Structures are given as C-alpha cells and as structure tokens.
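*Asks:* Below you'll find the structure I mean.
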Amino acid sequence: MPNADKAIQGLVVAPRVVKLNTRSGTEVRRTIPNKTLRMVGAWCFIDQFGPASGKDAMSVAKHPHTGLQTATWLFEGGVEHRDSVQSKQKIRPGELNLMTAGWGVSHSELALTPLRNEPATLSGVQMWIALPNSVRNEAAEFHNYSELPKKSVAGVQVCTFVGSFLEMTSPAKVHTALVGVELKFLEANEFQFTAENSFEYGFLVIDGEVTVNGLDLKSGELGFFRPGTDTFSITNATGTVMLLGGVPFDEEIVMWWNFIGRTHEEIVEMKTDWELGTSRFGEFADAIGGRIPAPEMPTVKLKPYRP
Ligand code: MN
C-alpha cells in the first residue's frame with residue numbers, strides 16, 4: 001500500500017458482502033482486507049455474520065488454513081468447531097475460540113441454532129491474525145477461552161479477549177503486540193481511553209452507531225486510525241463496538257484464500273497439499289461432510305504486500 005494511504009487518519013472502511021462457499025452460500029460482511037486497508041496490526045481479516053437463523057446460519061465444511069490464527073467471537077447463538085488437532089468445542093457469546101493454524105490445520109464450523117434448546121439466532125465476527133515468521137510454521141493449536149477479563153467502566157461493558165486493556169489481560173496466546181476488546185454501550189454512550197502510542201486501531205461497529213474522535217461510523221463500518229493518537233474519545237455510541245489494535249505488522253505477506261505465506265510458490269504448495277490431501281492438514285470426524293475445494297488461482301503471480 002502506498003505510504004500516502006498509510007498516513008490517513010480516521011479512514012472509514014465500509015463492509016462488502018461476500019458469499020462463502022457453503023451449501024447455502026452464507027453471506028458475510030467483510031471490512032478487511034480492502035483496497036484501502038489491508039490490516040490493523042496483525043489483524044488481517046474481519047468477517048461479520050448474522051443475525052441469521054435456521055440450519056444454514058453457519059455450515060462451513062472442512063477447509064484448511066496456514067500461517068494465521070482464527071479468532072471467533074459471537075454475540076448471539078452458538079457454533080460447534082471441529083478441527084484436525086481433534087478439538088470439538090462449542091463456543092458461546094463472551095468466549096473466544098482461537099485456532100492457530102501454523103504450518104497447517106483444517107476445521108469445520110456448524111451453527112447450533114437449528115438444535116432444540118439452542119438460541120434461534122446466530123451472530124458474530126470471525127477475525128484472522130497473521131502469524132510472524134518466527135512461529136508461522138509451527139504445529140497447529142486450538143484453545144477455547146471461556147474465562148476472559150471483563151468489567152463495567154462508567155456504564156460501558158468492557159471485555160478484553162486479546163492482549164491488555166484497562167488493567168485487564170486476556171489469557172489468549174498471540175504472537176505480536178495486539179489488543180481485542182468488546183465494548184457494549186448498554187447504558188452509557190461515551191467512553192475514553194489512552195491509546196498505546198505504537199498501536200494502530202480499528203473500531204468495528206457491530207450494531208448501532210458511534211463517533212470516534214469526530215469520525216462518524218455506521219453499523220458494519222470499520223474506523224481506522226494509524227499510530228500516533230494519544231486518546232480516543234468515543235461518543236454518541238449505541239450497541240456494540242469491537243476495538244482491534246496492534247503494532248503495524250512489519251513483514252510482507254501473501255494472503256490468498258485461507259492461506260497466508262510469504263511467496264507465490266509457498267501458496268501454490270499449500271493449495272496443492274490441500275488438493276492432494278497430504279498429512280499437512282490432518283483429518284477429523286466432521287458433522288457436516290465434504291470438504292471445500294480451493295478456488296482457481298489467478299493467472300498472474302501473487303505479489304507479497306507490506307501492510
Ligand atoms: Mn476457517
């Protein structure tokens with residue numbers, strides 16, 4: 001990305017609707033990556049989904065990942081996650097599912113909404129975190145964090161699910177300086193905090209609307225601020241805001257489909273390993289059935305980018 005774009009203070013990124021390759025073509029709202037903004041710290045992918053109901057609220061069959069962590073966060077409903085490190089884990093609102101793909105993992109995600117005694121509606125966000133070179137080829141891991149630090153600050157419900165914020169520290173294992181916080185404006189509509197000087201920040205509006213340091217954001221939009229802001233002042237806030245921040249990621253990456261590598265050739269190798277069903281992506285008993293094939297690669301060579 002050109003330096004001029006990187007210098008933008010208070011950029012608004014509107015989501016675009018993307019159809020996932022699932023039985024029903026589940027629609028998600030994707031804010032990053034985007035032409036104007038690739039990453040926020042190591043956060044490199046944000047998909048917001050739902051509210052949705054019925055058996056296809058989420059039904060993502062077995063598919064692979066490399067070089068990243070997937071962070072799943074729900075607002076309503078539940079999802080069962082299964083993966084090739086033999087995890088079988090239900091996730092609920094207020095919990096974090098964090099899967100570290102490393103060298104390679106495969107997983108599936110199935111909504112609990114059609115089940116009896118489960119909530120009728122599913123909504124949430126899935127975010128990816130790019131892994132730095134030092135750990136990106138390590139073995140895959142999965143953790144569910146159900147005990148996360150939270151507190152009410154002047155009427156705002158604050159839950160820190162990644163990193164440290166307002167003297168709360170999440171137990172979630174990440175590999176670069178990052179923060180992830182859910183802010184729920186139930187009673188209050190204002191909130192202020194002191195920024196980490198080296199962090200860039202994104203404010204994703206889940207529902208309602210919000211003004212961040214004078215920048216008006218609507219539901220579904222992401223407001224981005226490069227490092228250098230001392231204090232953030234959130235006003236006119238309703239609903240829920242996800243605060244994502246971190247030190248700008250300083251490695252060039254190649255991101256294609258569900259893979260993050262460093263070169264075109266690496267991505268080709270990952271795709272081939274998935275197509276051939278090598279041991280790289282493991283095996284597991286899945287409740288959905290089938291596996292999602294990799295799409296065709298573009299005819300031009302994938303270029304690395306520095307975010
Ligand atoms: Mn996935």
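Every chain in the structure tokens has a letter given in the order shown (A, B, ...), and although residue numbers restart at 1 in each chain, ligands are simply numbered from 1 in the order shown.
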Using only C-alpha atoms, which residues sit within 8 Å of A:Gly124 once same-chain residues fewer than 3 positions away are excluded, as a PDB file with N, CA and C atoms, in the first residue's frame?

*Replies:*
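Result file is result.pdb:
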```pdb
ATOM      1  N   GLN A  48     -18.046 -10.151   9.471  1.00  0.00           N
ATOM      2  CA  GLN A  48     -19.166 -10.095  10.405  1.00  0.00           C
ATOM      3  C   GLN A  48     -20.311 -10.927   9.828  1.00  0.00           C
ATOM      4  N   PHE A  49     -20.958 -11.720  10.658  1.00  0.00           N
ATOM      5  CA  PHE A  49     -22.036 -12.576  10.143  1.00  0.00           C
ATOM      6  C   PHE A  49     -23.280 -12.505  11.024  1.00  0.00           C
ATOM      7  N   GLY A  50     -24.437 -12.754  10.397  1.00  0.00           N
ATOM      8  CA  GLY A  50     -25.701 -12.776  11.102  1.00  0.00           C
ATOM      9  C   GLY A  50     -26.217 -11.367  11.392  1.00  0.00           C
ATOM     10  N   PRO A  51     -27.337 -11.218  12.141  1.00  0.00           N
ATOM     11  CA  PRO A  51     -28.105 -12.322  12.719  1.00  0.00           C
ATOM     12  C   PRO A  51     -28.726 -13.202  11.641  1.00  0.00           C
ATOM     13  N   THR A  72     -12.711 -16.410  16.781  1.00  0.00           N
ATOM     14  CA  THR A  72     -14.162 -16.376  16.597  1.00  0.00           C
ATOM     15  C   THR A  72     -14.815 -15.813  17.846  1.00  0.00           C
ATOM     16  N   TRP A  73     -15.746 -14.865  17.640  1.00  0.00           N
ATOM     17  CA  TRP A  73     -16.404 -14.159  18.737  1.00  0.00           C
ATOM     18  C   TRP A  73     -17.890 -14.031  18.390  1.00  0.00           C
ATOM     19  N   LEU A  74     -18.735 -14.495  19.276  1.00  0.00           N
ATOM     20  CA  LEU A  74     -20.178 -14.477  18.999  1.00  0.00           C
ATOM     21  C   LEU A  74     -20.902 -13.417  19.830  1.00  0.00           C
ATOM     22  N   PHE A  75     -21.993 -12.911  19.264  1.00  0.00           N
ATOM     23  CA  PHE A  75     -22.894 -12.009  20.002  1.00  0.00           C
ATOM     24  C   PHE A  75     -24.175 -12.734  20.394  1.00  0.00           C
ATOM     25  N   GLU A  76     -24.609 -13.672  19.568  1.00  0.00           N
ATOM     26  CA  GLU A  76     -25.800 -14.480  19.860  1.00  0.00           C
ATOM     27  C   GLU A  76     -25.549 -15.887  19.323  1.00  0.00           C
TER      28      GLU A  76
END
```

*Asks:* Give me the residues of chain A that have any atom at most 9 Å from an atom of ligand 1; for each, the nearest atom pair and the distance in Å, rounded to one decimal. Use only C-alpha atoms and all ligand atoms, sort by chain and number, and format it as a Markdown table.

*Replies:*
```
| residue | atom | partner | partner_atom_place_in_ligand_line | distance |
| --- | --- | --- | --- | --- |
| A:Val60 | CA | ligand 1 | 1 (Mn) | 7.8 |
| A:Ala61 | CA | ligand 1 | 1 (Mn) | 8.9 |
| A:Lys62 | CA | ligand 1 | 1 (Mn) | 8.2 |
| A:His63 | CA | ligand 1 | 1 (Mn) | 6.3 |
| A:Pro64 | CA | ligand 1 | 1 (Mn) | 6.8 |
| A:His65 | CA | ligand 1 | 1 (Mn) | 6.6 |
| A:Thr70 | CA | ligand 1 | 1 (Mn) | 6.9 |
| A:Ser106 | CA | ligand 1 | 1 (Mn) | 7.6 |
| A:His107 | CA | ligand 1 | 1 (Mn) | 6.3 |
| A:Ser108 | CA | ligand 1 | 1 (Mn) | 6.9 |
| A:Glu109 | CA | ligand 1 | 1 (Mn) | 7.7 |
| A:Gln126 | CA | ligand 1 | 1 (Mn) | 8.8 |
| A:Asn258 | CA | ligand 1 | 1 (Mn) | 7.0 |
```

*Asks:* Restricted to N, CA and C atoms, what would the selected residues look like written as a PDB file, in the first residue's frame?

*Replies:*
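So selection.pdb came out as:
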```pdb
ATOM      1  N   VAL A  60     -20.005 -24.372   7.610  1.00  0.00           N
ATOM      2  CA  VAL A  60     -18.789 -24.267   6.816  1.00  0.00           C
ATOM      3  C   VAL A  60     -18.043 -25.590   6.929  1.00  0.00           C
ATOM      4  N   ALA A  61     -18.027 -26.333   5.826  1.00  0.00           N
ATOM      5  CA  ALA A  61     -17.413 -27.665   5.823  1.00  0.00           C
ATOM      6  C   ALA A  61     -15.900 -27.573   5.985  1.00  0.00           C
ATOM      7  N   LYS A  62     -15.303 -28.734   6.109  1.00  0.00           N
ATOM      8  CA  LYS A  62     -13.853 -28.880   6.316  1.00  0.00           C
ATOM      9  C   LYS A  62     -13.051 -28.066   5.292  1.00  0.00           C
ATOM     10  N   HIS A  63     -12.154 -27.235   5.802  1.00  0.00           N
ATOM     11  CA  HIS A  63     -11.290 -26.424   4.933  1.00  0.00           C
ATOM     12  C   HIS A  63      -9.989 -26.121   5.673  1.00  0.00           C
ATOM     13  N   PRO A  64      -8.948 -25.772   4.938  1.00  0.00           N
ATOM     14  CA  PRO A  64      -7.620 -25.621   5.551  1.00  0.00           C
ATOM     15  C   PRO A  64      -7.260 -24.182   5.895  1.00  0.00           C
ATOM     16  N   HIS A  65      -6.259 -24.019   6.736  1.00  0.00           N
ATOM     17  CA  HIS A  65      -5.626 -22.712   6.989  1.00  0.00           C
ATOM     18  C   HIS A  65      -4.128 -22.907   7.187  1.00  0.00           C
ATOM     19  N   THR A  70      -7.266 -17.980  13.657  1.00  0.00           N
ATOM     20  CA  THR A  70      -8.653 -17.553  13.521  1.00  0.00           C
ATOM     21  C   THR A  70      -9.196 -17.277  14.917  1.00  0.00           C
ATOM     22  N   SER A 106      -6.951 -28.087   9.507  1.00  0.00           N
ATOM     23  CA  SER A 106      -8.247 -27.987   8.832  1.00  0.00           C
ATOM     24  C   SER A 106      -9.327 -27.982   9.898  1.00  0.00           C
ATOM     25  N   HIS A 107     -10.454 -27.345   9.587  1.00  0.00           N
ATOM     26  CA  HIS A 107     -11.551 -27.273  10.565  1.00  0.00           C
ATOM     27  C   HIS A 107     -12.892 -27.116   9.883  1.00  0.00           C
ATOM     28  N   SER A 108     -13.964 -27.271  10.688  1.00  0.00           N
ATOM     29  CA  SER A 108     -15.323 -27.023  10.210  1.00  0.00           C
ATOM     30  C   SER A 108     -16.069 -26.266  11.298  1.00  0.00           C
ATOM     31  N   GLU A 109     -17.107 -25.553  10.880  1.00  0.00           N
ATOM     32  CA  GLU A 109     -17.885 -24.737  11.814  1.00  0.00           C
ATOM     33  C   GLU A 109     -19.363 -24.900  11.497  1.00  0.00           C
ATOM     34  N   GLN A 126     -15.744 -13.225  12.735  1.00  0.00           N
ATOM     35  CA  GLN A 126     -14.525 -14.018  12.699  1.00  0.00           C
ATOM     36  C   GLN A 126     -13.390 -13.147  12.173  1.00  0.00           C
ATOM     37  N   ASN A 258      -7.558 -19.199   2.126  1.00  0.00           N
ATOM     38  CA  ASN A 258      -7.441 -19.391   3.573  1.00  0.00           C
ATOM     39  C   ASN A 258      -5.991 -19.469   4.037  1.00  0.00           C
TER      40      ASN A 258
END
```

*Asks:* Please report the interatomic distance between atom CA of A:Val179 and atom CA of A:Glu209 in Å with one decimal.

*Replies:* 21.4 Å

*Asks:* Do you know which residues are at most 10 Å from A:Gly261 counting only C-alpha atoms, after dropping those on the same chain fewer than 5 positions away, and could you put them as a CSV table (one decimal) with C-alpha atoms, in the first residue's frame?

*Replies:*
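That gives us selection_7.csv:
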```csv
chain,number,residue,atom,x,y,z
A,66,THR,CA,-1.9,-21.8,7.2
A,67,GLY,CA,0.1,-19.0,8.7
A,68,LEU,CA,-2.6,-17.4,10.7
A,103,TRP,CA,2.1,-25.0,9.3
A,130,ALA,CA,-1.3,-13.0,10.7
A,131,LEU,CA,1.5,-15.0,12.4
A,133,ASN,CA,7.8,-15.6,10.6
A,136,ARG,CA,4.2,-19.3,11.3
A,137,ASN,CA,5.4,-22.9,10.5
A,252,GLU,CA,5.5,-8.7,3.8
A,253,ILE,CA,2.8,-11.4,3.3
A,254,VAL,CA,0.9,-13.2,0.6
A,255,MET,CA,-2.7,-13.8,1.5
A,256,TRP,CA,-4.8,-16.0,-0.8
A,266,GLU,CA,4.5,-21.2,-1.0
A,267,ILE,CA,0.8,-20.6,-1.7
A,268,VAL,CA,0.9,-23.0,-4.6
A,269,GLU,CA,2.4,-25.6,-2.3
A,270,MET,CA,-0.3,-25.1,0.3
A,304,PRO,CA,3.5,-10.0,-1.5
```

*Asks:* Counting only C-alpha atoms, what is within 10 Å of A:Gly220, bar same-chain residues fewer than 4 positions away, as a ChimeraX atom specification?

*Replies:* /A:13-16,29-31,47-48,203-209,241

*Asks:* Restrict the selected residues to N, CA and C atoms and save them as a PDB file, in the first residue's frame.

*Replies:*
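Full text of result.pdb as output:
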```pdb
ATOM      1  N   VAL A  13     -13.839   2.373   6.547  1.00  0.00           N
ATOM      2  CA  VAL A  13     -13.895   1.250   5.620  1.00  0.00           C
ATOM      3  C   VAL A  13     -15.291   0.634   5.696  1.00  0.00           C
ATOM      4  N   ALA A  14     -16.013   0.683   4.581  1.00  0.00           N
ATOM      5  CA  ALA A  14     -17.353   0.092   4.528  1.00  0.00           C
ATOM      6  C   ALA A  14     -17.222  -1.399   4.237  1.00  0.00           C
ATOM      7  N   PRO A  15     -18.116  -2.205   4.797  1.00  0.00           N
ATOM      8  CA  PRO A  15     -18.023  -3.644   4.533  1.00  0.00           C
ATOM      9  C   PRO A  15     -18.534  -3.971   3.140  1.00  0.00           C
ATOM     10  N   ARG A  16     -18.051  -5.069   2.575  1.00  0.00           N
ATOM     11  CA  ARG A  16     -18.634  -5.564   1.333  1.00  0.00           C
ATOM     12  C   ARG A  16     -19.200  -6.956   1.608  1.00  0.00           C
ATOM     13  N   ARG A  29     -20.232  -9.898   5.993  1.00  0.00           N
ATOM     14  CA  ARG A  29     -19.804  -8.524   5.670  1.00  0.00           C
ATOM     15  C   ARG A  29     -18.320  -8.419   5.996  1.00  0.00           C
ATOM     16  N   ARG A  30     -17.505  -8.202   4.969  1.00  0.00           N
ATOM     17  CA  ARG A  30     -16.040  -8.193   5.138  1.00  0.00           C
ATOM     18  C   ARG A  30     -15.514  -6.751   5.067  1.00  0.00           C
ATOM     19  N   THR A  31     -14.794  -6.341   6.106  1.00  0.00           N
ATOM     20  CA  THR A  31     -14.205  -4.991   6.099  1.00  0.00           C
ATOM     21  C   THR A  31     -12.738  -5.020   5.668  1.00  0.00           C
ATOM     22  N   ASP A  47     -14.667 -10.691   9.200  1.00  0.00           N
ATOM     23  CA  ASP A  47     -15.963 -11.043   8.629  1.00  0.00           C
ATOM     24  C   ASP A  47     -17.013 -10.951   9.726  1.00  0.00           C
ATOM     25  N   GLN A  48     -18.046 -10.151   9.471  1.00  0.00           N
ATOM     26  CA  GLN A  48     -19.166 -10.095  10.405  1.00  0.00           C
ATOM     27  C   GLN A  48     -20.311 -10.927   9.828  1.00  0.00           C
ATOM     28  N   PHE A 203     -12.002   0.360  14.801  1.00  0.00           N
ATOM     29  CA  PHE A 203     -13.252   0.313  15.577  1.00  0.00           C
ATOM     30  C   PHE A 203     -14.329  -0.248  14.657  1.00  0.00           C
ATOM     31  N   LEU A 204     -14.763  -1.460  14.915  1.00  0.00           N
ATOM     32  CA  LEU A 204     -15.784  -2.102  14.079  1.00  0.00           C
ATOM     33  C   LEU A 204     -17.134  -1.963  14.775  1.00  0.00           C
ATOM     34  N   VAL A 205     -18.072  -1.309  14.102  1.00  0.00           N
ATOM     35  CA  VAL A 205     -19.404  -1.107  14.682  1.00  0.00           C
ATOM     36  C   VAL A 205     -20.271  -2.317  14.339  1.00  0.00           C
ATOM     37  N   ILE A 206     -20.659  -3.051  15.358  1.00  0.00           N
ATOM     38  CA  ILE A 206     -21.444  -4.265  15.135  1.00  0.00           C
ATOM     39  C   ILE A 206     -22.906  -3.925  14.886  1.00  0.00           C
ATOM     40  N   ASP A 207     -23.455  -3.089  15.754  1.00  0.00           N
ATOM     41  CA  ASP A 207     -24.813  -2.580  15.535  1.00  0.00           C
ATOM     42  C   ASP A 207     -24.824  -1.166  16.098  1.00  0.00           C
ATOM     43  N   GLY A 208     -25.855  -0.410  15.829  1.00  0.00           N
ATOM     44  CA  GLY A 208     -25.896   0.968  16.301  1.00  0.00           C
ATOM     45  C   GLY A 208     -24.935   1.843  15.527  1.00  0.00           C
ATOM     46  N   GLU A 209     -24.470   2.905  16.176  1.00  0.00           N
ATOM     47  CA  GLU A 209     -23.540   3.836  15.523  1.00  0.00           C
ATOM     48  C   GLU A 209     -22.662   4.450  16.588  1.00  0.00           C
ATOM     49  N   VAL A 241     -19.326  -2.276  19.932  1.00  0.00           N
ATOM     50  CA  VAL A 241     -18.171  -1.911  19.104  1.00  0.00           C
ATOM     51  C   VAL A 241     -17.031  -2.872  19.428  1.00  0.00           C
TER      52      VAL A 241
END
```

*Asks:* I'd like the contact shell of A:Met58 - 8 Å cut-off, only C-alpha atoms, skipping same-chain residues fewer than 3 positions apart - returned as a list in words.

*Replies:*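 Listed by chain and then number, they are Thr26, Lys55, Val79, Glu109, Leu110 and Ala111 of chain A.
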
*Asks:* Keeping only N, CA and C atoms, write those residues as a short mmCIF file (atom, residue, chain, number, x, y, z; two decimals), in the first residue's frame.

*Replies:*
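Result written to result_28.cif:
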```
data_model
loop_
_atom_site.label_atom_id
_atom_site.label_comp_id
_atom_site.auth_asym_id
_atom_site.auth_seq_id
_atom_site.Cartn_x
_atom_site.Cartn_y
_atom_site.Cartn_z
N THR A 26 -23.65 -18.78 2.60
CA THR A 26 -23.77 -17.85 3.72
C THR A 26 -23.13 -16.50 3.39
N LYS A 55 -31.04 -23.75 9.69
CA LYS A 55 -29.94 -24.72 9.72
C LYS A 55 -28.72 -24.27 8.93
N VAL A 79 -21.82 -22.05 18.10
CA VAL A 79 -21.21 -22.74 16.96
C VAL A 79 -20.39 -23.90 17.50
N GLU A 109 -17.11 -25.55 10.88
CA GLU A 109 -17.89 -24.74 11.81
C GLU A 109 -19.36 -24.90 11.50
N LEU A 110 -20.12 -25.29 12.53
CA LEU A 110 -21.54 -25.58 12.33
C LEU A 110 -22.36 -24.88 13.41
N ALA A 111 -23.35 -24.11 12.96
CA ALA A 111 -24.22 -23.39 13.91
C ALA A 111 -25.03 -24.37 14.75
#
```

*Asks:* Counting only C-alpha atoms, which of A:Ala294, A:Ile288, A:Met242, A:Val156 gets nearest to A:Trp274?

*Replies:*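 When distances to A:Trp274 are compared using only C-alpha atoms, the smallest one comes from A:Ala294.
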
*Asks:* Produce a table with one row for each residue of stretch 97-158 of chain A that has an atom at most 8 Å from any atom of stretch 172-176 of chain A, each row naming the nearest atom pair and its distance in Å at one decimal; use only C-alpha atoms; arrange rows by chain and rising residue number; format as JSON lines.

*Replies:*
```
{"residue": "A:Leu98", "atom": "CA", "partner": "A:Ala172", "partner_atom": "CA", "distance": 7.6}
{"residue": "A:Leu131", "atom": "CA", "partner": "A:His175", "partner_atom": "CA", "distance": 6.7}
{"residue": "A:Pro132", "atom": "CA", "partner": "A:His175", "partner_atom": "CA", "distance": 7.0}
{"residue": "A:Val135", "atom": "CA", "partner": "A:His175", "partner_atom": "CA", "distance": 7.8}
{"residue": "A:Tyr145", "atom": "CA", "partner": "A:Ala172", "partner_atom": "CA", "distance": 6.9}
```

*Asks:* Rounded to one decimal in Å, what is the spacing between atom CA of A:Thr169 and atom CA of A:Asn97?

*Replies:*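 Atom CA of A:Asn97 lies at a distance of 16.5 Å from atom CA of A:Thr169.
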
*Asks:* Find the distance between atom CA of A:Thr235 and atom CA of A:Asn34 and write it in Å to one decimal.

*Replies:*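 Separation of atom CA of A:Thr235 and atom CA of A:Asn34: 26.1 Å.
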
*Asks:* Check the DSSP output for the backbone and give back, as number ranges by chain, the residues of stretch 1-219 of chain A in strand (DSSP E).

*Replies:* A: 9-13, 16-19, 27-32, 43-52, 59-65, 68-76, 79-83, 88-91, 96-100, 105-111, 122-130, 141-145, 150-153, 156-162, 164-165, 168-169, 178-185, 191-194, 200-205, 210-212, 215-217

*Asks:* What's around stretch 115-120 of chain A at 7 Å? Count only C-alpha atoms, leave out sequence neighbours fewer than 3 positions away in its own chain, and write the answer as a ChimeraX atom specification.

*Replies:* /A:53,77,112

*Asks:* Return the single residue from A:Leu186, A:Leu222, A:Val28, A:Cys159 that is closest to A:Val40, with distances computed using only C-alpha atoms.

*Replies:*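 Among A:Leu186, A:Leu222, A:Val28, A:Cys159, it is A:Leu222 that comes nearest to A:Val40.
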
*Asks:* From the options A:Asn189, A:Ser87, A:Thr100, A:Ser198, which residue's atoms come nearest to A:Gly155, counting only C-alpha atoms?

*Replies:*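 Of the candidates, the smallest distance to A:Gly155 is held by A:Asn189.
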